[in-house]
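K.L.:
Dropping the structure in here first, questions after.
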Amino acid sequence: MNRTPVVAGNWKMHGSRAANASLVSGVLSGLAPRAERVAEVVLCPPFVYLAELAQRLDQTGVGLGAQDVCAEAGQGAFTGEVAAPMLREVGCTHVIIGHSERRALYAETDELVGRKTLTALAAGLTPIVCVGELLEERDAGRTHEVVGRQLEAVLRALQADPGGLAGLARCILAYEPVWAIGTGRTATPEQAQDVHAFIRGLIQSRDARIGGSVRVLYGGSVKPGNARELFGMPDVDGGLIGGASLKAEDFVAIVAATQ
Ligand code: PGA
């Protein structure tokens, strides 16, 4: 199965108007021309910069992602939240859902991640749904159990929806072992492949076609020096890049490593 790789930059809570302008121009000048690009590229800045980035990325073929979305579909009394149609209106194509920092610091549950995925899909956004285990869960041999549980919650939400599992074909998944995020400690290509194959297998057991086509990204201390090895694994379809996405040169080198 030939899957188009994806490289998404998760800027987290970093940036300023000036820093973003130079980062985006560095990325755009470093990427291959649009027609020759092999990977899909997505940038995910903080909410307040989305509209400005939408203009900078217009006609460049680079996608724009938010880092979170409200689970509620429409307008309403949800102070501080941002609705999926609003993200769409300002030019977002993608949205990161269930990042481990949201789960750990803001108590997002598996069930909430499932609801957010549905809301994003309904607004025409591509969800980048994150799963991943803690170090103590890995050490206890519970990696598949934890990742399976997180994924099952998303599958359950989709199955309860009239659209059913079909929505999964419009999702991107990201395996991000929590112990590898921002720590400089990357999963080995074999560790990543093991979990990616598990994720794909779980989806294939429900729907063989979607399981074969869904992109599963790896995230957690991806750098120019380790990206090629990771992306070379059969079930690793690109990366969700944190720290290294803040340096144009590094991010562009990681995109090039998908080739
Ligand atoms: P990192 O972050 O590349 O800095 O480890 C990845 C992520 O959290 O998406």
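Lettering and numbering for the structure tokens are positional, with chains as A, B, ... in the shown order, residues counted from 1 in each chain, and ligands counted from 1 in the shown order.
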Run DSSP on the backbone and tell me which residues of range 33-185 of chain A come out as alpha helix (DSSP H); list them as a ChimeraX atom specification.
P.N.:
/A:50-57,84-89,100-105,110-122,135-139,143-159
K.L.:
Could you give me, as JSON, numbers by chain, the residues within 7 Å of Ala123 in chain A, counting only C-alpha atoms and dropping anything in the same chain fewer than 4 positions from it?
P.N.:
{"A": [84, 85, 88, 119]}
K.L.:
I'd like the neighbourhood of Arg149 in chain A as a PDB file with N, CA, C and O atoms, in the first residue's frame, where a residue qualifies if any of its atoms comes within 12 Å (using only C-alpha atoms), though same-chain residues fewer than 2 positions away should be ignored.
P.N.:
```pdb
ATOM      1  N   THR A 109      -9.866  13.051  28.504  1.00  0.00           N
ATOM      2  CA  THR A 109     -10.086  11.610  28.606  1.00  0.00           C
ATOM      3  C   THR A 109     -10.146  10.975  27.214  1.00  0.00           C
ATOM      4  O   THR A 109     -10.326  11.670  26.212  1.00  0.00           O
ATOM      5  N   ASP A 110     -10.051   9.671  27.180  1.00  0.00           N
ATOM      6  CA  ASP A 110     -10.182   8.940  25.912  1.00  0.00           C
ATOM      7  C   ASP A 110     -11.520   9.275  25.260  1.00  0.00           C
ATOM      8  O   ASP A 110     -11.609   9.445  24.051  1.00  0.00           O
ATOM      9  N   GLU A 111     -12.543   9.369  26.093  1.00  0.00           N
ATOM     10  CA  GLU A 111     -13.885   9.618  25.577  1.00  0.00           C
ATOM     11  C   GLU A 111     -13.976  11.011  24.943  1.00  0.00           C
ATOM     12  O   GLU A 111     -14.544  11.189  23.859  1.00  0.00           O
ATOM     13  N   VAL A 113     -11.510  12.684  23.643  1.00  0.00           N
ATOM     14  CA  VAL A 113     -10.718  12.636  22.410  1.00  0.00           C
ATOM     15  C   VAL A 113     -11.575  12.058  21.272  1.00  0.00           C
ATOM     16  O   VAL A 113     -11.552  12.558  20.149  1.00  0.00           O
ATOM     17  N   GLY A 114     -12.374  11.063  21.599  1.00  0.00           N
ATOM     18  CA  GLY A 114     -13.289  10.489  20.608  1.00  0.00           C
ATOM     19  C   GLY A 114     -14.304  11.517  20.128  1.00  0.00           C
ATOM     20  O   GLY A 114     -14.552  11.658  18.930  1.00  0.00           O
ATOM     21  N   VAL A 131      -1.988   9.109  20.209  1.00  0.00           N
ATOM     22  CA  VAL A 131      -2.040   8.072  21.242  1.00  0.00           C
ATOM     23  C   VAL A 131      -0.609   7.806  21.698  1.00  0.00           C
ATOM     24  O   VAL A 131       0.338   8.146  20.987  1.00  0.00           O
ATOM     25  N   GLY A 132      -0.470   7.218  22.876  1.00  0.00           N
ATOM     26  CA  GLY A 132       0.880   6.898  23.339  1.00  0.00           C
ATOM     27  C   GLY A 132       0.898   6.577  24.813  1.00  0.00           C
ATOM     28  O   GLY A 132       0.058   7.062  25.568  1.00  0.00           O
ATOM     29  N   GLU A 133       1.861   5.764  25.188  1.00  0.00           N
ATOM     30  CA  GLU A 133       1.934   5.288  26.572  1.00  0.00           C
ATOM     31  C   GLU A 133       2.956   6.069  27.395  1.00  0.00           C
ATOM     32  O   GLU A 133       3.897   6.645  26.860  1.00  0.00           O
ATOM     33  N   ARG A 142       2.743  -2.702  29.157  1.00  0.00           N
ATOM     34  CA  ARG A 142       1.337  -2.411  28.868  1.00  0.00           C
ATOM     35  C   ARG A 142       1.142  -1.491  27.657  1.00  0.00           C
ATOM     36  O   ARG A 142       0.063  -0.915  27.483  1.00  0.00           O
ATOM     37  N   THR A 143       2.168  -1.343  26.829  1.00  0.00           N
ATOM     38  CA  THR A 143       2.090  -0.388  25.717  1.00  0.00           C
ATOM     39  C   THR A 143       0.890  -0.675  24.803  1.00  0.00           C
ATOM     40  O   THR A 143       0.081   0.219  24.517  1.00  0.00           O
ATOM     41  N   HIS A 144       0.757  -1.912  24.347  1.00  0.00           N
ATOM     42  CA  HIS A 144      -0.339  -2.230  23.420  1.00  0.00           C
ATOM     43  C   HIS A 144      -1.697  -2.030  24.090  1.00  0.00           C
ATOM     44  O   HIS A 144      -2.642  -1.555  23.470  1.00  0.00           O
ATOM     45  N   GLU A 145      -1.759  -2.408  25.357  1.00  0.00           N
ATOM     46  CA  GLU A 145      -3.028  -2.270  26.078  1.00  0.00           C
ATOM     47  C   GLU A 145      -3.463  -0.801  26.142  1.00  0.00           C
ATOM     48  O   GLU A 145      -4.625  -0.456  25.872  1.00  0.00           O
ATOM     49  N   VAL A 146      -2.513   0.083  26.470  1.00  0.00           N
ATOM     50  CA  VAL A 146      -2.841   1.505  26.630  1.00  0.00           C
ATOM     51  C   VAL A 146      -3.182   2.137  25.277  1.00  0.00           C
ATOM     52  O   VAL A 146      -4.196   2.819  25.133  1.00  0.00           O
ATOM     53  N   VAL A 147      -2.333   1.898  24.300  1.00  0.00           N
ATOM     54  CA  VAL A 147      -2.574   2.472  22.971  1.00  0.00           C
ATOM     55  C   VAL A 147      -3.875   1.905  22.394  1.00  0.00           C
ATOM     56  O   VAL A 147      -4.676   2.628  21.792  1.00  0.00           O
ATOM     57  N   LEU A 151      -7.175   4.108  21.325  1.00  0.00           N
ATOM     58  CA  LEU A 151      -7.683   4.005  19.953  1.00  0.00           C
ATOM     59  C   LEU A 151      -9.123   3.492  19.926  1.00  0.00           C
ATOM     60  O   LEU A 151      -9.964   3.980  19.158  1.00  0.00           O
ATOM     61  N   GLU A 152      -9.409   2.519  20.773  1.00  0.00           N
ATOM     62  CA  GLU A 152     -10.764   1.955  20.824  1.00  0.00           C
ATOM     63  C   GLU A 152     -11.800   3.036  21.147  1.00  0.00           C
ATOM     64  O   GLU A 152     -12.919   3.002  20.637  1.00  0.00           O
ATOM     65  N   ALA A 153     -11.411   3.997  22.000  1.00  0.00           N
ATOM     66  CA  ALA A 153     -12.356   5.059  22.361  1.00  0.00           C
ATOM     67  C   ALA A 153     -12.717   5.874  21.123  1.00  0.00           C
ATOM     68  O   ALA A 153     -13.861   6.303  20.956  1.00  0.00           O
ATOM     69  N   VAL A 154     -11.739   6.090  20.260  1.00  0.00           N
ATOM     70  CA  VAL A 154     -11.987   6.849  19.029  1.00  0.00           C
ATOM     71  C   VAL A 154     -12.858   6.008  18.087  1.00  0.00           C
ATOM     72  O   VAL A 154     -13.817   6.505  17.489  1.00  0.00           O
ATOM     73  N   LEU A 155     -12.550   4.729  17.984  1.00  0.00           N
ATOM     74  CA  LEU A 155     -13.346   3.849  17.116  1.00  0.00           C
ATOM     75  C   LEU A 155     -14.788   3.770  17.601  1.00  0.00           C
ATOM     76  O   LEU A 155     -15.728   3.786  16.807  1.00  0.00           O
ATOM     77  N   ARG A 156     -14.955   3.717  18.922  1.00  0.00           N
ATOM     78  CA  ARG A 156     -16.310   3.657  19.493  1.00  0.00           C
ATOM     79  C   ARG A 156     -17.100   4.911  19.134  1.00  0.00           C
ATOM     80  O   ARG A 156     -18.262   4.841  18.743  1.00  0.00           O
ATOM     81  N   ILE A 199      -1.191  -0.736  15.808  1.00  0.00           N
ATOM     82  CA  ILE A 199      -2.280   0.214  15.529  1.00  0.00           C
ATOM     83  C   ILE A 199      -2.949  -0.138  14.192  1.00  0.00           C
ATOM     84  O   ILE A 199      -4.173  -0.222  14.086  1.00  0.00           O
ATOM     85  N   LEU A 202      -4.968  -3.307  14.455  1.00  0.00           N
ATOM     86  CA  LEU A 202      -6.237  -3.144  15.169  1.00  0.00           C
ATOM     87  C   LEU A 202      -7.302  -2.546  14.229  1.00  0.00           C
ATOM     88  O   LEU A 202      -8.453  -2.986  14.211  1.00  0.00           O
TER      89      LEU A 202
END
```
K.L.:
What's the 12 Å shell around Gly80 in chain A, counting only C-alpha atoms, without same-chain residues fewer than 3 positions away, as a VMD selection string?
P.N.:
chain A and resid 47 68 to 70 75 to 77 83
K.L.:
Can I get the selection written as a PDB file, in the first residue's frame, with N, CA and C atoms?
P.N.:
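Below is the file that was written, again20.pdb:
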```pdb
ATOM      1  N   PHE A  47      -3.469  28.979  18.472  1.00  0.00           N
ATOM      2  CA  PHE A  47      -4.726  29.498  17.894  1.00  0.00           C
ATOM      3  C   PHE A  47      -4.626  30.919  17.339  1.00  0.00           C
ATOM      4  N   ASP A  68      -5.766  21.999  19.019  1.00  0.00           N
ATOM      5  CA  ASP A  68      -6.858  21.462  19.837  1.00  0.00           C
ATOM      6  C   ASP A  68      -8.156  22.009  19.261  1.00  0.00           C
ATOM      7  N   VAL A  69      -9.273  21.473  19.696  1.00  0.00           N
ATOM      8  CA  VAL A  69     -10.581  21.955  19.252  1.00  0.00           C
ATOM      9  C   VAL A  69     -11.595  21.630  20.342  1.00  0.00           C
ATOM     10  N   CYS A  70     -12.654  22.425  20.409  1.00  0.00           N
ATOM     11  CA  CYS A  70     -13.724  22.130  21.359  1.00  0.00           C
ATOM     12  C   CYS A  70     -14.519  20.911  20.878  1.00  0.00           C
ATOM     13  N   GLN A  75     -21.772  27.091  18.185  1.00  0.00           N
ATOM     14  CA  GLN A  75     -21.504  28.243  19.017  1.00  0.00           C
ATOM     15  C   GLN A  75     -22.135  27.991  20.385  1.00  0.00           C
ATOM     16  N   GLY A  76     -21.708  28.700  21.385  1.00  0.00           N
ATOM     17  CA  GLY A  76     -22.350  28.512  22.680  1.00  0.00           C
ATOM     18  C   GLY A  76     -21.527  29.026  23.830  1.00  0.00           C
ATOM     19  N   ALA A  77     -22.024  28.749  25.022  1.00  0.00           N
ATOM     20  CA  ALA A  77     -21.411  29.263  26.236  1.00  0.00           C
ATOM     21  C   ALA A  77     -20.281  28.335  26.680  1.00  0.00           C
ATOM     22  N   ALA A  83     -14.406  26.535  18.355  1.00  0.00           N
ATOM     23  CA  ALA A  83     -15.185  25.501  17.661  1.00  0.00           C
ATOM     24  C   ALA A  83     -14.552  25.108  16.327  1.00  0.00           C
TER      25      ALA A  83
END
```
K.L.:
Report as a ChimeraX atom specification: the residues of range 73-193 of chain A with a DSSP assignment of strand (DSSP E or B), based on the backbone of this structure.
P.N.:
/A:94-97,126-131,172-175
K.L.:
Excluding Glu36 in chain A and its own-chain neighbours fewer than 5 positions away, which residues fall within 12 Å of it when counting only C-alpha atoms? Please give them as a list in words.
P.N.:
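My reading of the contact set: Leu31, Gly61, Ala256 and Gln259 of chain A.
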K.L.:
Could the residues in this selection be written to a file with N, CA, C and O atoms, as a short mmCIF file (atom, residue, chain, number, x, y, z; two decimals), in the first residue's frame?
P.N.:
```cif
data_model
loop_
_atom_site.label_atom_id
_atom_site.label_comp_id
_atom_site.auth_asym_id
_atom_site.auth_seq_id
_atom_site.Cartn_x
_atom_site.Cartn_y
_atom_site.Cartn_z
N LEU A 31 11.44 23.94 1.35
CA LEU A 31 10.68 22.80 0.81
C LEU A 31 10.85 22.73 -0.70
O LEU A 31 11.04 23.74 -1.36
N GLY A 61 0.33 24.98 -0.72
CA GLY A 61 0.17 23.54 -0.58
C GLY A 61 0.50 23.04 0.82
O GLY A 61 0.39 21.85 1.10
N ALA A 256 12.40 16.20 4.20
CA ALA A 256 13.18 15.57 3.13
C ALA A 256 13.47 14.10 3.45
O ALA A 256 13.63 13.28 2.53
N GLN A 259 11.64 11.01 1.86
CA GLN A 259 11.86 10.61 0.47
C GLN A 259 12.75 9.39 0.34
O GLN A 259 13.72 9.29 1.08
#
```
K.L.:
Enumerate residues in contact with ligand 1: an atom-to-atom distance of at most 10 Å, counting only C-alpha atoms and all ligand atoms. Format the result as a PyMOL selection string.
P.N.:
chain A and resi 8-12+67+96+99-101+130+174-186+218-223+239-246
K.L.:
Go ahead and write the residues just picked, N, CA and C atoms, as a short mmCIF file (atom, residue, chain, number, x, y, z; two decimals), in the first residue's frame.
P.N.:
```cif
data_model
loop_
_atom_site.label_atom_id
_atom_site.label_comp_id
_atom_site.auth_asym_id
_atom_site.auth_seq_id
_atom_site.Cartn_x
_atom_site.Cartn_y
_atom_site.Cartn_z
N ALA A 8 3.99 16.88 10.18
CA ALA A 8 3.27 17.99 10.79
C ALA A 8 4.14 18.60 11.88
N GLY A 9 4.21 19.92 11.90
CA GLY A 9 4.98 20.62 12.92
C GLY A 9 4.05 21.12 14.01
N ASN A 10 4.25 20.62 15.22
CA ASN A 10 3.46 21.05 16.36
C ASN A 10 4.29 22.08 17.13
N TRP A 11 3.94 23.35 16.93
CA TRP A 11 4.74 24.42 17.55
C TRP A 11 4.48 24.51 19.05
N LYS A 12 3.45 23.86 19.53
CA LYS A 12 3.05 23.97 20.95
C LYS A 12 2.90 25.46 21.29
N GLN A 67 -4.03 23.14 17.34
CA GLN A 67 -3.47 22.17 18.29
C GLN A 67 -4.52 21.52 19.17
N ILE A 96 -4.82 18.86 15.64
CA ILE A 96 -4.24 17.83 16.52
C ILE A 96 -5.25 17.56 17.63
N HIS A 99 -3.42 15.24 22.11
CA HIS A 99 -1.97 15.26 22.36
C HIS A 99 -1.73 14.89 23.84
N SER A 100 -0.63 14.25 24.11
CA SER A 100 -0.41 13.76 25.49
C SER A 100 -0.36 14.91 26.49
N GLU A 101 0.06 16.10 26.02
CA GLU A 101 0.07 17.24 26.95
C GLU A 101 -1.36 17.66 27.31
N CYS A 130 -3.75 11.67 18.48
CA CYS A 130 -2.53 11.19 19.14
C CYS A 130 -2.83 10.11 20.19
N ALA A 174 -1.34 9.49 15.20
CA ALA A 174 0.05 9.74 15.58
C ALA A 174 0.36 8.93 16.83
N TYR A 175 1.38 8.10 16.73
CA TYR A 175 1.87 7.38 17.91
C TYR A 175 2.98 8.22 18.54
N GLU A 176 2.72 8.68 19.76
CA GLU A 176 3.70 9.50 20.46
C GLU A 176 3.93 8.93 21.86
N PRO A 177 4.95 8.10 22.00
CA PRO A 177 5.26 7.59 23.34
C PRO A 177 5.60 8.78 24.24
N VAL A 178 4.91 8.90 25.36
CA VAL A 178 5.04 10.11 26.19
C VAL A 178 6.48 10.29 26.67
N TRP A 179 7.17 9.20 26.92
CA TRP A 179 8.55 9.26 27.41
C TRP A 179 9.52 9.78 26.35
N ALA A 180 9.07 9.88 25.12
CA ALA A 180 9.95 10.34 24.03
C ALA A 180 9.68 11.78 23.63
N ILE A 181 8.63 12.38 24.21
CA ILE A 181 8.24 13.74 23.79
C ILE A 181 9.07 14.78 24.51
N GLY A 182 9.84 15.52 23.73
CA GLY A 182 10.62 16.62 24.28
C GLY A 182 11.74 16.18 25.20
N THR A 183 12.06 14.91 25.20
CA THR A 183 13.06 14.39 26.14
C THR A 183 14.39 14.12 25.46
N GLY A 184 14.41 14.13 24.14
CA GLY A 184 15.62 13.76 23.42
C GLY A 184 15.78 12.25 23.35
N ARG A 185 14.85 11.54 23.98
CA ARG A 185 14.92 10.08 23.96
C ARG A 185 13.90 9.57 22.94
N THR A 186 14.39 9.11 21.81
CA THR A 186 13.48 8.67 20.74
C THR A 186 13.21 7.18 20.88
N TYR A 218 4.81 9.00 13.54
CA TYR A 218 5.53 8.83 14.80
C TYR A 218 5.88 10.22 15.34
N GLY A 219 5.76 10.41 16.64
CA GLY A 219 6.18 11.66 17.27
C GLY A 219 6.91 11.39 18.55
N GLY A 220 7.91 12.21 18.84
CA GLY A 220 8.70 12.05 20.06
C GLY A 220 10.17 12.17 19.73
N SER A 221 10.70 13.42 19.87
CA SER A 221 12.13 13.68 19.64
C SER A 221 12.61 13.26 18.26
N VAL A 222 11.76 13.48 17.25
CA VAL A 222 12.23 13.28 15.87
C VAL A 222 13.15 14.45 15.52
N LYS A 223 14.32 14.12 14.98
CA LYS A 223 15.32 15.11 14.61
C LYS A 223 15.81 14.76 13.20
N GLY A 239 5.87 12.02 10.43
CA GLY A 239 6.08 12.38 11.83
C GLY A 239 5.29 13.59 12.28
N LEU A 240 5.05 13.62 13.59
CA LEU A 240 4.51 14.80 14.26
C LEU A 240 5.69 15.38 15.05
N ILE A 241 6.11 16.57 14.65
CA ILE A 241 7.40 17.10 15.10
C ILE A 241 7.20 18.28 16.04
N GLY A 242 7.71 18.19 17.25
CA GLY A 242 7.61 19.29 18.20
C GLY A 242 8.82 20.21 18.10
N GLY A 243 9.77 20.03 18.99
CA GLY A 243 10.93 20.92 19.10
C GLY A 243 11.59 21.23 17.76
N ALA A 244 11.81 20.21 16.95
CA ALA A 244 12.54 20.42 15.70
C ALA A 244 11.71 21.17 14.66
N SER A 245 10.42 21.36 14.91
CA SER A 245 9.61 22.11 13.93
C SER A 245 9.79 23.61 14.12
N LEU A 246 10.49 24.01 15.18
CA LEU A 246 10.70 25.44 15.45
C LEU A 246 11.96 25.96 14.77
#
```
K.L.:
Please identify all polymer residues within 6 Å of range 251-254 of chain A, counting only C-alpha atoms, omitting same-chain residues fewer than 3 positions from it, and present them as a list in words.
P.N.:
Gly30, Pro224, Ala227, Ala244, Ser245, Ala248 and Ala257 of chain A
K.L.:
Any chance you could export the current selection's all heavy atoms as a CSV table (one decimal), in the first residue's frame?
P.N.:
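Generated output (again_15.csv):
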```csv
chain,number,residue,atom,x,y,z
A,30,GLY,N,12.7,26.3,2.0
A,30,GLY,CA,13.5,25.1,2.1
A,30,GLY,C,12.8,23.9,1.4
A,30,GLY,O,13.4,22.9,1.1
A,224,PRO,N,16.5,15.7,12.6
A,224,PRO,CA,17.1,15.4,11.2
A,224,PRO,C,17.9,14.1,11.3
A,224,PRO,O,17.9,13.4,10.3
A,224,PRO,CB,17.9,16.6,10.9
A,224,PRO,CG,17.3,17.7,11.6
A,224,PRO,CD,16.8,17.1,12.9
A,227,ALA,N,15.3,10.9,11.7
A,227,ALA,CA,14.0,10.8,10.9
A,227,ALA,C,14.0,9.7,9.8
A,227,ALA,O,13.1,9.0,9.7
A,227,ALA,CB,13.7,12.2,10.3
A,244,ALA,N,11.8,20.2,17.0
A,244,ALA,CA,12.5,20.4,15.7
A,244,ALA,C,11.7,21.2,14.7
A,244,ALA,O,12.3,21.6,13.6
A,244,ALA,CB,13.0,19.1,15.1
A,245,SER,N,10.4,21.4,14.9
A,245,SER,CA,9.6,22.1,13.9
A,245,SER,C,9.8,23.6,14.1
A,245,SER,O,9.3,24.4,13.3
A,245,SER,CB,8.1,21.7,14.0
A,245,SER,OG,7.5,22.3,15.2
A,248,ALA,N,13.5,26.1,11.0
A,248,ALA,CA,13.2,25.8,9.7
A,248,ALA,C,14.1,24.8,9.0
A,248,ALA,O,13.6,23.8,8.4
A,248,ALA,CB,13.2,27.1,8.8
A,257,ALA,N,13.5,13.8,4.7
A,257,ALA,CA,13.8,12.4,5.1
A,257,ALA,C,12.6,11.4,4.8
A,257,ALA,O,12.8,10.2,5.0
A,257,ALA,CB,14.1,12.3,6.6
```
K.L.:
When you look at range 229-231 of chain A with a cut-off of 7 Å (counting only C-alpha atoms), what residues show up, excluding the ones that are within fewer than 6 positions of it in the same chain? I need them as a list in words.
P.N.:
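Surrounding residues, per the criterion: Pro189, Asp237, Gly238 and Thr258 of chain A.
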K.L.:
With only C-alpha atoms as the basis for distance, which of A:Gly232, A:Pro127, A:Gly167, A:Gly15 is at the shortest distance from Tyr49 in chain A?
P.N.:
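Between A:Gly232, A:Pro127, A:Gly167, A:Gly15, the residue approaching Tyr49 in chain A most closely is A:Gly15.
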K.L.:
A:Leu135, A:Ala19, A:Ala71, A:Ala104: which is nearest Lys247 in chain A, counting only C-alpha atoms?
P.N.:
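Under the stated criterion, the closest residue is A:Ala19.
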K.L.:
Between A:Ala21, A:Val82, A:Val236, A:Ala140, which one has atoms that come closest to Thr188 in chain A, using only C-alpha atoms?
P.N.:
A:Val236
K.L.:
Have a look at CA of Asp250 in chain A and CA of Ala35 in chain A and let me know their distance in Å, one decimal.
P.N.:
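These two atoms are separated by 21.6 Å.
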